[in-house]
$ cat structure-v8.pdb   # PDB, C-alpha atoms and all ligand atoms
ATOM      1  CA  MET A   1     -10.952 -46.338  -2.959
ATOM      2  CA  ALA A   2     -11.125 -44.890   0.516
ATOM      3  CA  GLY A   3      -9.295 -46.980   3.039
ATOM      4  CA  ARG A   4      -5.845 -46.717   1.468
ATOM      5  CA  GLY A   5      -4.705 -44.238   4.070
ATOM      6  CA  ASN A   6      -5.109 -40.535   4.608
ATOM      7  CA  PHE A   7      -3.049 -37.610   3.435
ATOM      8  CA  SER A   8      -0.187 -37.255   5.895
ATOM      9  CA  ASN A   9      -1.247 -33.770   7.018
ATOM     10  CA  ARG A  10      -3.115 -30.676   5.915
ATOM     11  CA  LEU A  11      -0.287 -29.555   3.649
ATOM     12  CA  GLY A  12      -0.349 -32.925   1.907
ATOM     13  CA  PHE A  13      -4.081 -32.586   1.330
ATOM     14  CA  ILE A  14      -3.806 -28.975   0.179
ATOM     15  CA  LEU A  15      -1.061 -29.776  -2.292
ATOM     16  CA  ALA A  16      -2.872 -32.815  -3.631
ATOM     17  CA  ALA A  17      -6.218 -31.007  -3.945
ATOM     18  CA  ALA A  18      -4.421 -28.026  -5.459
ATOM     19  CA  GLY A  19      -2.694 -30.521  -7.728
ATOM     20  CA  SER A  20      -6.112 -31.670  -8.895
ATOM     21  CA  ALA A  21      -7.325 -28.115  -9.317
ATOM     22  CA  VAL A  22      -4.196 -26.711 -10.937
ATOM     23  CA  GLY A  23      -3.695 -28.160 -14.372
ATOM     24  CA  LEU A  24      -4.342 -27.557 -18.018
ATOM     25  CA  GLY A  25      -7.434 -25.646 -16.926
ATOM     26  CA  ASN A  26      -5.279 -22.881 -15.451
ATOM     27  CA  ILE A  27      -2.460 -22.640 -17.938
ATOM     28  CA  TRP A  28      -3.963 -23.820 -21.209
ATOM     29  CA  LYS A  29      -7.739 -23.338 -20.923
ATOM     30  CA  PHE A  30      -8.026 -20.202 -18.777
ATOM     31  CA  PRO A  31      -6.091 -17.929 -21.175
ATOM     32  CA  PHE A  32      -8.030 -19.019 -24.221
ATOM     33  CA  GLU A  33     -11.325 -18.658 -22.354
ATOM     34  CA  VAL A  34     -10.219 -15.138 -21.409
ATOM     35  CA  GLU A  35      -9.514 -14.456 -25.060
ATOM     36  CA  ALA A  36     -12.860 -15.917 -26.159
ATOM     37  CA  GLY A  37     -14.599 -13.925 -23.407
ATOM     38  CA  GLY A  38     -13.088 -10.637 -24.568
ATOM     39  CA  GLY A  39     -10.349 -10.072 -21.969
ATOM     40  CA  ALA A  40     -10.375  -8.489 -18.524
ATOM     41  CA  ALA A  41     -14.168  -8.424 -17.989
ATOM     42  CA  PHE A  42     -14.108 -12.210 -18.179
ATOM     43  CA  VAL A  43     -11.305 -12.296 -15.610
ATOM     44  CA  VAL A  44     -13.350 -10.190 -13.172
ATOM     45  CA  LEU A  45     -16.349 -12.515 -13.516
ATOM     46  CA  TYR A  46     -14.174 -15.571 -13.133
ATOM     47  CA  LEU A  47     -12.735 -14.228  -9.869
ATOM     48  CA  ILE A  48     -16.194 -13.384  -8.527
ATOM     49  CA  PHE A  49     -17.505 -16.872  -9.334
ATOM     50  CA  CYS A  50     -14.475 -18.580  -7.821
ATOM     51  CA  PHE A  51     -14.752 -16.818  -4.496
ATOM     52  CA  LEU A  52     -18.514 -16.387  -4.134
ATOM     53  CA  LEU A  53     -19.817 -19.605  -5.668
ATOM     54  CA  CYS A  54     -17.030 -22.139  -5.892
ATOM     55  CA  PHE A  55     -15.460 -21.594  -2.492
ATOM     56  CA  PRO A  56     -18.630 -22.599  -0.578
ATOM     57  CA  VAL A  57     -19.059 -25.583  -2.893
ATOM     58  CA  MET A  58     -15.490 -26.638  -2.162
ATOM     59  CA  VAL A  59     -16.112 -26.470   1.603
ATOM     60  CA  THR A  60     -19.260 -28.562   1.131
ATOM     61  CA  GLU A  61     -17.601 -31.189  -1.054
ATOM     62  CA  ILE A  62     -14.684 -31.633   1.337
ATOM     63  CA  ALA A  63     -17.070 -31.837   4.295
ATOM     64  CA  ILE A  64     -19.245 -34.472   2.597
ATOM     65  CA  GLY A  65     -16.197 -36.541   1.683
ATOM     66  CA  ARG A  66     -14.644 -36.353   5.105
ATOM     67  CA  LYS A  67     -17.835 -36.998   7.017
ATOM     68  CA  THR A  68     -18.778 -40.072   4.980
ATOM     69  CA  ASN A  69     -15.297 -41.325   4.174
ATOM     70  CA  LYS A  70     -16.664 -42.369   0.801
ATOM     71  CA  ASN A  71     -16.367 -41.477  -2.865
ATOM     72  CA  ALA A  72     -18.914 -39.337  -4.714
ATOM     73  CA  VAL A  73     -21.613 -42.003  -5.133
ATOM     74  CA  GLY A  74     -21.077 -43.748  -1.796
ATOM     75  CA  ALA A  75     -21.169 -40.410   0.033
ATOM     76  CA  PHE A  76     -24.776 -39.709  -0.921
ATOM     77  CA  ASN A  77     -25.801 -43.233   0.127
ATOM     78  CA  ALA A  78     -23.965 -42.893   3.421
ATOM     79  CA  LEU A  79     -25.796 -39.646   4.162
ATOM     80  CA  GLY A  80     -29.103 -41.395   3.513
ATOM     81  CA  TYR A  81     -29.796 -39.623   0.229
ATOM     82  CA  ASN A  82     -29.675 -42.700  -1.986
ATOM     83  CA  LYS A  83     -31.932 -41.084  -4.566
ATOM     84  CA  TRP A  84     -29.443 -38.236  -4.957
ATOM     85  CA  ASN A  85     -26.482 -40.456  -5.643
ATOM     86  CA  ILE A  86     -27.351 -39.769  -9.297
ATOM     87  CA  ILE A  87     -25.384 -36.554  -8.740
ATOM     88  CA  GLY A  88     -22.325 -38.623  -7.883
ATOM     89  CA  LYS A  89     -22.929 -40.859 -10.884
ATOM     90  CA  MET A  90     -23.191 -37.826 -13.167
ATOM     91  CA  GLY A  91     -19.877 -36.669 -11.736
ATOM     92  CA  ILE A  92     -18.315 -39.980 -12.704
ATOM     93  CA  ILE A  93     -19.648 -39.693 -16.257
ATOM     94  CA  GLY A  94     -18.386 -36.096 -16.392
ATOM     95  CA  GLY A  95     -14.987 -37.287 -15.168
ATOM     96  CA  VAL A  96     -14.756 -39.827 -17.974
ATOM     97  CA  VAL A  97     -15.698 -37.174 -20.534
ATOM     98  CA  ILE A  98     -13.161 -34.677 -19.170
ATOM     99  CA  LEU A  99     -10.468 -37.325 -18.936
ATOM    100  CA  SER A 100     -10.912 -38.239 -22.575
ATOM    101  CA  PHE A 101     -10.137 -34.756 -23.930
ATOM    102  CA  TYR A 102      -7.816 -33.781 -21.107
ATOM    103  CA  ASN A 103      -5.587 -36.705 -21.827
ATOM    104  CA  VAL A 104      -5.240 -35.657 -25.451
ATOM    105  CA  VAL A 105      -4.169 -32.113 -24.534
ATOM    106  CA  ALA A 106      -1.827 -33.502 -21.885
ATOM    107  CA  GLY A 107      -0.326 -35.591 -24.699
ATOM    108  CA  TRP A 108       0.290 -32.378 -26.682
ATOM    109  CA  ALA A 109       2.096 -30.885 -23.679
ATOM    110  CA  LEU A 110       4.255 -33.986 -23.357
ATOM    111  CA  GLY A 111       4.972 -33.928 -27.087
ATOM    112  CA  TYR A 112       5.956 -30.256 -26.856
ATOM    113  CA  PHE A 113       8.385 -31.172 -24.099
ATOM    114  CA  PHE A 114      10.237 -33.433 -26.524
ATOM    115  CA  GLU A 115      10.027 -30.863 -29.343
ATOM    116  CA  MET A 116      11.428 -28.083 -27.144
ATOM    117  CA  ALA A 117      14.153 -30.371 -25.830
ATOM    118  CA  GLN A 118      15.285 -30.814 -29.443
ATOM    119  CA  GLY A 119      15.127 -27.061 -30.055
ATOM    120  CA  ASN A 120      12.239 -27.387 -32.506
ATOM    121  CA  PHE A 121      10.633 -23.993 -31.876
ATOM    122  CA  SER A 122       8.867 -23.924 -35.229
ATOM    123  CA  VAL A 123       6.349 -26.418 -33.848
ATOM    124  CA  GLY A 124       4.339 -23.438 -32.579
ATOM    125  CA  LYS A 125       3.771 -22.186 -36.114
ATOM    126  CA  GLU A 126       2.738 -25.651 -37.222
ATOM    127  CA  PHE A 127       0.443 -26.357 -34.295
ATOM    128  CA  GLY A 128      -2.480 -27.364 -36.549
ATOM    129  CA  SER A 129      -0.546 -29.993 -38.431
ATOM    130  CA  TYR A 130       1.240 -31.101 -35.266
ATOM    131  CA  VAL A 131      -1.982 -32.027 -33.477
ATOM    132  CA  SER A 132      -3.533 -33.611 -36.534
ATOM    133  CA  ASN A 133      -0.648 -36.076 -36.657
ATOM    134  CA  VAL A 134      -2.559 -38.575 -34.566
ATOM    135  CA  SER A 135       0.035 -41.320 -34.752
ATOM    136  CA  THR A 136       2.456 -39.187 -32.694
ATOM    137  CA  THR A 137       0.068 -37.327 -30.409
ATOM    138  CA  GLY A 138      -1.909 -40.546 -29.846
ATOM    139  CA  ILE A 139       1.191 -42.245 -28.480
ATOM    140  CA  TYR A 140       1.855 -39.372 -26.104
ATOM    141  CA  ALA A 141      -1.749 -39.502 -24.925
ATOM    142  CA  LEU A 142      -1.360 -43.221 -24.328
ATOM    143  CA  ILE A 143       1.878 -42.744 -22.382
ATOM    144  CA  PHE A 144       0.059 -40.174 -20.295
ATOM    145  CA  MET A 145      -2.794 -42.538 -19.559
ATOM    146  CA  VAL A 146      -0.400 -45.259 -18.421
ATOM    147  CA  PHE A 147       1.405 -42.816 -16.088
ATOM    148  CA  THR A 148      -1.910 -41.714 -14.601
ATOM    149  CA  ALA A 149      -2.938 -45.291 -13.900
ATOM    150  CA  TYR A 150       0.467 -45.993 -12.348
ATOM    151  CA  VAL A 151       0.287 -43.042  -9.924
ATOM    152  CA  VAL A 152      -3.281 -43.904  -8.898
ATOM    153  CA  SER A 153      -2.254 -47.502  -8.283
ATOM    154  CA  ARG A 154       0.374 -46.273  -5.777
ATOM    155  CA  GLY A 155      -2.303 -44.677  -3.583
ATOM    156  CA  VAL A 156      -2.980 -41.145  -2.470
ATOM    157  CA  SER A 157      -0.261 -40.528   0.019
ATOM    158  CA  SER A 158       2.750 -42.065  -1.704
ATOM    159  CA  GLY A 159       1.765 -41.400  -5.303
ATOM    160  CA  ILE A 160      -0.255 -38.218  -5.507
ATOM    161  CA  GLU A 161       0.950 -36.382  -2.443
ATOM    162  CA  LYS A 162       4.684 -36.917  -2.990
ATOM    163  CA  GLY A 163       4.517 -35.849  -6.617
ATOM    164  CA  ALA A 164       2.483 -32.736  -5.833
ATOM    165  CA  LYS A 165       4.916 -31.635  -3.105
ATOM    166  CA  ILE A 166       7.722 -31.222  -5.616
ATOM    167  CA  LEU A 167       5.815 -30.257  -8.721
ATOM    168  CA  MET A 168       3.459 -27.571  -7.490
ATOM    169  CA  PRO A 169       6.188 -25.308  -6.061
ATOM    170  CA  SER A 170       8.338 -25.818  -9.202
ATOM    171  CA  LEU A 171       5.445 -24.783 -11.372
ATOM    172  CA  ILE A 172       4.960 -21.549  -9.427
ATOM    173  CA  VAL A 173       8.644 -20.656  -9.663
ATOM    174  CA  MET A 174       8.607 -21.319 -13.399
ATOM    175  CA  ILE A 175       5.510 -19.196 -13.993
ATOM    176  CA  LEU A 176       6.933 -16.329 -11.941
ATOM    177  CA  ALA A 177      10.213 -16.446 -13.855
ATOM    178  CA  LEU A 178       8.429 -16.427 -17.216
ATOM    179  CA  LEU A 179       6.124 -13.680 -15.974
ATOM    180  CA  ALA A 180       9.098 -11.491 -15.040
ATOM    181  CA  TYR A 181      10.614 -12.102 -18.466
ATOM    182  CA  SER A 182       7.370 -11.504 -20.353
ATOM    183  CA  LEU A 183       6.992  -8.066 -18.756
ATOM    184  CA  THR A 184      10.293  -6.959 -20.230
ATOM    185  CA  LEU A 185       9.257  -7.690 -23.837
ATOM    186  CA  PRO A 186       8.078  -5.087 -26.357
ATOM    187  CA  ASN A 187       4.292  -4.491 -26.273
ATOM    188  CA  ALA A 188       4.037  -6.259 -22.900
ATOM    189  CA  MET A 189       1.868  -3.479 -21.458
ATOM    190  CA  THR A 190      -0.665  -3.869 -24.264
ATOM    191  CA  GLY A 191      -1.099  -7.473 -23.151
ATOM    192  CA  VAL A 192      -1.346  -6.496 -19.480
ATOM    193  CA  LYS A 193      -4.007  -3.898 -20.280
ATOM    194  CA  TYR A 194      -6.008  -6.387 -22.313
ATOM    195  CA  TYR A 195      -5.899  -8.778 -19.363
ATOM    196  CA  LEU A 196      -6.501  -6.343 -16.515
ATOM    197  CA  VAL A 197      -8.537  -3.381 -17.724
ATOM    198  CA  PRO A 198     -12.138  -4.535 -18.150
ATOM    199  CA  GLU A 199     -14.441  -3.434 -20.941
ATOM    200  CA  PHE A 200     -17.759  -4.329 -19.352
ATOM    201  CA  SER A 201     -19.527  -3.654 -22.638
ATOM    202  CA  GLU A 202     -17.971  -6.965 -23.786
ATOM    203  CA  LEU A 203     -20.065  -8.900 -21.269
ATOM    204  CA  ASN A 204     -22.908 -11.052 -22.503
ATOM    205  CA  LEU A 205     -24.572 -14.312 -21.512
ATOM    206  CA  LYS A 206     -21.939 -16.335 -23.314
ATOM    207  CA  THR A 207     -19.130 -14.683 -21.372
ATOM    208  CA  ILE A 208     -20.964 -15.174 -18.096
ATOM    209  CA  GLY A 209     -21.586 -18.854 -18.889
ATOM    210  CA  GLY A 210     -17.950 -19.248 -19.927
ATOM    211  CA  ALA A 211     -16.649 -17.742 -16.679
ATOM    212  CA  LEU A 212     -18.994 -19.927 -14.623
ATOM    213  CA  ARG A 213     -17.925 -23.060 -16.459
ATOM    214  CA  GLN A 214     -14.264 -22.150 -16.163
ATOM    215  CA  SER A 215     -14.426 -21.470 -12.426
ATOM    216  CA  PHE A 216     -16.008 -24.852 -11.609
ATOM    217  CA  PHE A 217     -13.719 -26.685 -14.011
ATOM    218  CA  SER A 218     -10.650 -24.972 -12.663
ATOM    219  CA  LEU A 219     -11.434 -25.822  -9.055
ATOM    220  CA  SER A 220     -12.377 -29.430  -9.973
ATOM    221  CA  LEU A 221     -15.835 -28.946  -8.496
ATOM    222  CA  GLY A 222     -19.186 -30.564  -9.157
ATOM    223  CA  MET A 223     -17.466 -33.782 -10.181
ATOM    224  CA  GLY A 224     -17.062 -35.661  -6.934
ATOM    225  CA  THR A 225     -13.286 -35.403  -7.174
ATOM    226  CA  ILE A 226     -13.024 -33.131  -4.170
ATOM    227  CA  ILE A 227     -15.560 -35.278  -2.265
ATOM    228  CA  THR A 228     -13.253 -38.236  -2.821
ATOM    229  CA  TYR A 229     -10.147 -36.281  -1.787
ATOM    230  CA  GLY A 230     -12.055 -34.996   1.251
ATOM    231  CA  SER A 231     -12.540 -38.612   2.310
ATOM    232  CA  TYR A 232      -8.774 -38.863   2.759
ATOM    233  CA  LEU A 233      -8.517 -35.690   4.873
ATOM    234  CA  SER A 234      -7.875 -36.414   8.521
ATOM    235  CA  LYS A 235     -10.617 -35.402  10.996
ATOM    236  CA  LYS A 236      -8.119 -33.173  12.802
ATOM    237  CA  GLU A 237      -7.743 -30.766   9.901
ATOM    238  CA  ASN A 238      -9.720 -27.592   9.435
ATOM    239  CA  ILE A 239     -11.905 -27.716   6.325
ATOM    240  CA  ILE A 240     -12.290 -23.967   5.898
ATOM    241  CA  THR A 241      -8.563 -23.274   6.091
ATOM    242  CA  SER A 242      -7.900 -26.104   3.655
ATOM    243  CA  SER A 243     -10.529 -24.794   1.218
ATOM    244  CA  VAL A 244      -9.208 -21.229   1.418
ATOM    245  CA  SER A 245      -5.716 -22.463   0.628
ATOM    246  CA  VAL A 246      -6.771 -24.634  -2.311
ATOM    247  CA  THR A 247      -8.960 -21.893  -3.790
ATOM    248  CA  LEU A 248      -6.283 -19.214  -3.438
ATOM    249  CA  PHE A 249      -3.645 -21.519  -4.841
ATOM    250  CA  ASP A 250      -5.687 -22.437  -7.885
ATOM    251  CA  VAL A 251      -7.028 -18.985  -8.656
ATOM    252  CA  GLY A 252      -3.584 -17.498  -8.015
ATOM    253  CA  ILE A 253      -1.930 -19.801 -10.549
ATOM    254  CA  ALA A 254      -4.601 -19.151 -13.205
ATOM    255  CA  PHE A 255      -4.281 -15.411 -12.631
ATOM    256  CA  LEU A 256      -0.495 -15.489 -12.866
ATOM    257  CA  ALA A 257      -0.601 -17.738 -15.933
ATOM    258  CA  GLY A 258      -2.797 -15.171 -17.699
ATOM    259  CA  LEU A 259      -0.579 -12.323 -16.561
ATOM    260  CA  MET A 260       2.402 -14.189 -17.950
ATOM    261  CA  LEU A 261       0.748 -15.163 -21.209
ATOM    262  CA  PHE A 262      -0.951 -12.020 -22.508
ATOM    263  CA  PRO A 263       2.243  -9.943 -22.644
ATOM    264  CA  LEU A 264       3.794 -12.838 -24.569
ATOM    265  CA  VAL A 265       0.819 -12.898 -26.911
ATOM    266  CA  ALA A 266       1.030  -9.124 -27.389
ATOM    267  CA  TYR A 267       4.725  -9.516 -28.125
ATOM    268  CA  SER A 268       4.098 -12.222 -30.722
ATOM    269  CA  THR A 269       1.296 -10.251 -32.451
ATOM    270  CA  GLY A 270       3.235  -6.982 -32.421
ATOM    271  CA  GLY A 271       0.693  -5.474 -30.011
ATOM    272  CA  ASP A 272      -2.370  -6.182 -32.127
ATOM    273  CA  MET A 273      -4.768  -7.855 -29.688
ATOM    274  CA  SER A 274      -7.441  -8.205 -32.349
ATOM    275  CA  ASN A 275      -5.123 -10.555 -34.175
ATOM    276  CA  ILE A 276      -4.656 -13.283 -31.566
ATOM    277  CA  GLN A 277      -4.609 -16.870 -32.712
ATOM    278  CA  GLY A 278      -7.108 -17.955 -30.067
ATOM    279  CA  GLY A 279      -8.685 -21.285 -29.228
ATOM    280  CA  ALA A 280      -7.023 -24.447 -28.074
ATOM    281  CA  GLY A 281      -3.741 -23.517 -29.747
ATOM    282  CA  LEU A 282      -3.199 -20.261 -27.838
ATOM    283  CA  ILE A 283      -0.342 -21.253 -25.559
ATOM    284  CA  PHE A 284       0.942 -23.928 -27.897
ATOM    285  CA  ALA A 285       1.268 -21.402 -30.715
ATOM    286  CA  ALA A 286       2.533 -18.424 -28.687
ATOM    287  CA  LEU A 287       5.087 -19.913 -26.320
ATOM    288  CA  PRO A 288       7.607 -21.644 -28.614
ATOM    289  CA  SER A 289       8.559 -18.385 -30.345
ATOM    290  CA  VAL A 290       9.088 -16.787 -26.949
ATOM    291  CA  PHE A 291      11.448 -19.570 -25.914
ATOM    292  CA  GLU A 292      13.168 -19.191 -29.272
ATOM    293  CA  SER A 293      13.753 -15.517 -28.542
ATOM    294  CA  LEU A 294      15.754 -16.555 -25.474
ATOM    295  CA  GLY A 295      18.370 -18.149 -27.713
ATOM    296  CA  ALA A 296      18.916 -21.801 -28.599
ATOM    297  CA  GLY A 297      20.557 -22.839 -25.306
ATOM    298  CA  LEU A 298      18.395 -21.143 -22.683
ATOM    299  CA  GLY A 299      15.268 -21.399 -24.847
ATOM    300  CA  THR A 300      15.657 -25.149 -25.194
ATOM    301  CA  VAL A 301      16.168 -25.709 -21.480
ATOM    302  CA  LEU A 302      13.373 -23.403 -20.320
ATOM    303  CA  GLY A 303      10.958 -24.475 -23.064
ATOM    304  CA  ALA A 304      11.443 -28.141 -22.277
ATOM    305  CA  PHE A 305      11.167 -27.489 -18.544
ATOM    306  CA  PHE A 306       7.984 -25.462 -18.958
ATOM    307  CA  PHE A 307       6.181 -28.128 -20.966
ATOM    308  CA  LEU A 308       7.430 -30.807 -18.626
ATOM    309  CA  LEU A 309       5.916 -28.943 -15.689
ATOM    310  CA  LEU A 310       2.707 -28.415 -17.635
ATOM    311  CA  SER A 311       2.587 -32.161 -18.245
ATOM    312  CA  PHE A 312       3.078 -32.807 -14.534
ATOM    313  CA  ALA A 313       0.385 -30.280 -13.628
ATOM    314  CA  ALA A 314      -1.891 -32.160 -16.003
ATOM    315  CA  LEU A 315      -0.871 -35.451 -14.417
ATOM    316  CA  THR A 316      -1.908 -34.401 -10.909
ATOM    317  CA  SER A 317      -5.319 -33.524 -12.420
ATOM    318  CA  THR A 318      -5.779 -36.689 -14.491
ATOM    319  CA  VAL A 319      -4.832 -38.676 -11.416
ATOM    320  CA  SER A 320      -7.621 -37.019  -9.450
ATOM    321  CA  LEU A 321     -10.085 -37.634 -12.270
ATOM    322  CA  LEU A 322      -9.240 -41.308 -12.381
ATOM    323  CA  GLU A 323      -9.215 -41.596  -8.606
TER     324      GLU A 323
HETATM  325  N1  LIG A 401      -9.199 -28.570 -12.390
HETATM  326  C1  LIG A 401      -8.475 -29.216 -13.448
HETATM  327  C2  LIG A 401      -7.785 -28.149 -14.277
HETATM  328  O1  LIG A 401      -8.065 -26.970 -14.095
HETATM  329  O2  LIG A 401      -6.979 -28.485 -15.118
HETATM  330  C3  LIG A 401      -9.357 -30.097 -14.294
HETATM  331  C4  LIG A 401     -10.232 -31.012 -13.500
HETATM  332  C5  LIG A 401      -9.664 -32.000 -12.684
HETATM  333  C6  LIG A 401     -11.609 -30.847 -13.545
HETATM  334  C7  LIG A 401     -10.484 -32.819 -11.915
HETATM  335  C8  LIG A 401     -12.437 -31.670 -12.801
HETATM  336  C9  LIG A 401     -11.860 -32.638 -12.001
HETATM  337  F1  LIG A 401     -12.640 -33.423 -11.304
END

$ encode --input "structure-v8.pdb" --output "structure tokens"
Amino acid sequence: MAGRGNFSNRLGFILAAAGSAVGLGNIWKFPFEVEAGGGAAFVVLYLIFCFLLCFPVMVTEIAIGRKTNKNAVGAFNALGYNKWNIIGKMGIIGGVVILSFYNVVAGWALGYFFEMAQGNFSVGKEFGSYVSNVSTTGIYALIFMVFTAYVVSRGVSSGIEKGAKILMPSLIVMILALLAYSLTLPNAMTGVKYYLVPEFSELNLKTIGGALRQSFFSLSLGMGTIITYGSYLSKKENIITSSVSVTLFDVGIAFLAGLMLFPLVAYSTGGDMSNIQGGAGLIFAALPSVFESLGAGLGTVLGAFFFLLLSFAALTSTVSLLE
């Protein structure tokens, strides 16, 4: 789809690429991977992988995209490595696979927006039955898909870039506000310790594999997405500075999301970190009761706003996957 204009400047590119990188992976998936990986030791590995492995890959993907001005498959052909365009094709298949589950979870986030807006905080306790009600969640997933297609059809600079410019900063403000609140709750420090004080004895091959997978997923790498976005980056812009910004932005949001969430989890489990309801329901189960504790008025507004932002963060990622 190259040829529909470039990002208007480096900030536009950074926000759009960060929009691709920041999504459900940071706010929904990262915390439950941390939980599955045993806590802080996983976080340390994740940070190491992001900066030592993923950052150079990001520079390379942007450079390939910009140099060739092509998408993931075309880029390999343009460089004369036709045989290797299988890598680009695998990225496309991977994108379709990710999009199919991502869209479903994005539908949950959208559904939670409506539930919170109606003050239905008990949805967190009924997460299992909520998501198995496919007739409702299926419609939200469908709405999400239509939105994604609409934004992509408007092109990178008017659709993706404009949306990201408003949504990314709002998301940061919201996370920081919730983080500040979460630290004031009972048992908050138990959650912080779980998240920040590593027990390296917890490390095993599964944790290492999980952290590796999470770092690439979180930065949208290995899929051709960033190659394609790189093709819209003007030749004037500095690739290293852009990559540093996108990496810091993405890792920063994941880190803050975890720092916000684990005190909330510790609060909701009464400080018993061995009793976390982990897995895909982690944030969906833990957050509604926190919003409830803020009182019906404020809880409704903030809960709805949070899940709306989460839906938008997901949208800027699904858009990049489809693109
Ligand atoms: N990085 C996105 C997230 O963390 O939510 C997910 C993603 C988007 C992965 C685009 C891969 C991709 F090509």

$ residues_near_ligand --input "structure-v8.pdb" --ligand "ligand LIG 401 (chain A)" --cutoff "9 Å" --atoms "only C-alpha atoms and all ligand atoms" --output "number ranges by chain"
A: 18-30, 91-92, 94-95, 98-99, 102, 214-226, 250, 254, 313-314, 316-322

$ atom_distance --input "structure-v8.pdb" --atom1 "atom CA of Gly163 of chain A" --atom2 "atom CA of Leu256 of chain A"
21.9 Å

$ residues_around --input "structure-v8.pdb" --residues "Arg213 of chain A" --least-positions-apart "5" --cutoff "10 Å" --atoms "only C-alpha atoms" --output "CSV table (one decimal) with C-alpha atoms, in the coordinates of the input"
chain,number,residue,atom,x,y,z
A,33,GLU,CA,-11.3,-18.7,-22.4
A,46,TYR,CA,-14.2,-15.6,-13.1
A,49,PHE,CA,-17.5,-16.9,-9.3
A,207,THR,CA,-19.1,-14.7,-21.4
A,208,ILE,CA,-21.0,-15.2,-18.1
A,218,SER,CA,-10.6,-25.0,-12.7

$ residues_around --input "structure-v8.pdb" --residues "segment 257-267 of chain A" --least-positions-apart "5" --cutoff "8 Å" --atoms "only C-alpha atoms" --output "PyMOL selection string"
chain A and resi 26-27+30-31+175-176+178-180+182-183+185-192+194-195+272-273+276+283+286-287+290

$ resolve_selection --input "structure-v8.pdb" --expression "the PyMOL selection byres (((chain A and resi 293) around 12) and not hetatm)" --output "PyMOL selection string"
chain A and resi 119+121-122+181-182+185+264+267-268+286-292+294-300+302-303

$ closest_residue --input "structure-v8.pdb" --among "A:Ser135, A:Met174, A:Lys89, A:Ser129" --to "Leu308 of chain A" --atoms "only C-alpha atoms"
A:Met174

$ closest_residue --input "structure-v8.pdb" --among "A:Ile253, A:Leu309, A:Val123, A:Ala17" --to "Glu161 of chain A" --atoms "only C-alpha atoms"
A:Ala17

$ residues_around --input "structure-v8.pdb" --residues "Val59 of chain A" --least-positions-apart "6" --cutoff "10 Å" --atoms "only C-alpha atoms" --output "mmCIF file with C-alpha atoms, in the frame of the given file"
data_model
loop_
_atom_site.group_PDB
_atom_site.id
_atom_site.type_symbol
_atom_site.label_atom_id
_atom_site.label_comp_id
_atom_site.auth_asym_id
_atom_site.auth_seq_id
_atom_site.Cartn_x
_atom_site.Cartn_y
_atom_site.Cartn_z
ATOM 1 C CA ILE A 226 -13.024 -33.131 -4.170
ATOM 2 C CA ILE A 227 -15.560 -35.278 -2.265
ATOM 3 C CA GLY A 230 -12.055 -34.996 1.251
ATOM 4 C CA ILE A 239 -11.905 -27.716 6.325
ATOM 5 C CA ILE A 240 -12.290 -23.967 5.898
ATOM 6 C CA THR A 241 -8.563 -23.274 6.091
ATOM 7 C CA SER A 242 -7.900 -26.104 3.655
ATOM 8 C CA SER A 243 -10.529 -24.794 1.218
ATOM 9 C CA VAL A 244 -9.208 -21.229 1.418
#

$ atom_distance --input "structure-v8.pdb" --atom1 "atom CA of Thr228 of chain A" --atom2 "atom CA of Phe76 of chain A"
11.8 Å

$ atom_distance --input "structure-v8.pdb" --atom1 "atom CA of Gly39 of chain A" --atom2 "atom CA of Asn275 of chain A"
13.3 Å

$ axis_aligned_box --input "structure-v8.pdb" --around "segment 73-91 of chain A" --padding-each-side "5 Å" --output "JSON"
{"center_x": -25.9, "center_y": -40.2, "center_z": -4.5, "size_x": 22.1, "size_y": 17.2, "size_z": 27.3}

$ closest_residue --input "structure-v8.pdb" --among "A:Ala41, A:Ile139, A:Val34, A:Cys50" --to "Ala106 of chain A" --atoms "only C-alpha atoms"
A:Ile139

$ residues_around --input "structure-v8.pdb" --residues "Val73 of chain A" --least-positions-apart "2" --cutoff "7 Å" --atoms "all atoms listed in the file" --output "tab-separated table (two decimals) with C-alpha atoms, keeping the file's coordinate frame"
chain	number	residue	atom	x	y	z
A	71	ASN	CA	-16.37	-41.48	-2.86
A	75	ALA	CA	-21.17	-40.41	0.03
A	76	PHE	CA	-24.78	-39.71	-0.92
A	77	ASN	CA	-25.80	-43.23	0.13
A	85	ASN	CA	-26.48	-40.46	-5.64
A	88	GLY	CA	-22.32	-38.62	-7.88
A	89	LYS	CA	-22.93	-40.86	-10.88

$ residues_around --input "structure-v8.pdb" --residues "Val131 of chain A" --least-positions-apart "3" --cutoff "10 Å" --atoms "all atoms listed in the file" --output "NGL selection string"
:A and (104-105 or 107-108 or 111 or 126-128 or 134-138 or 281)
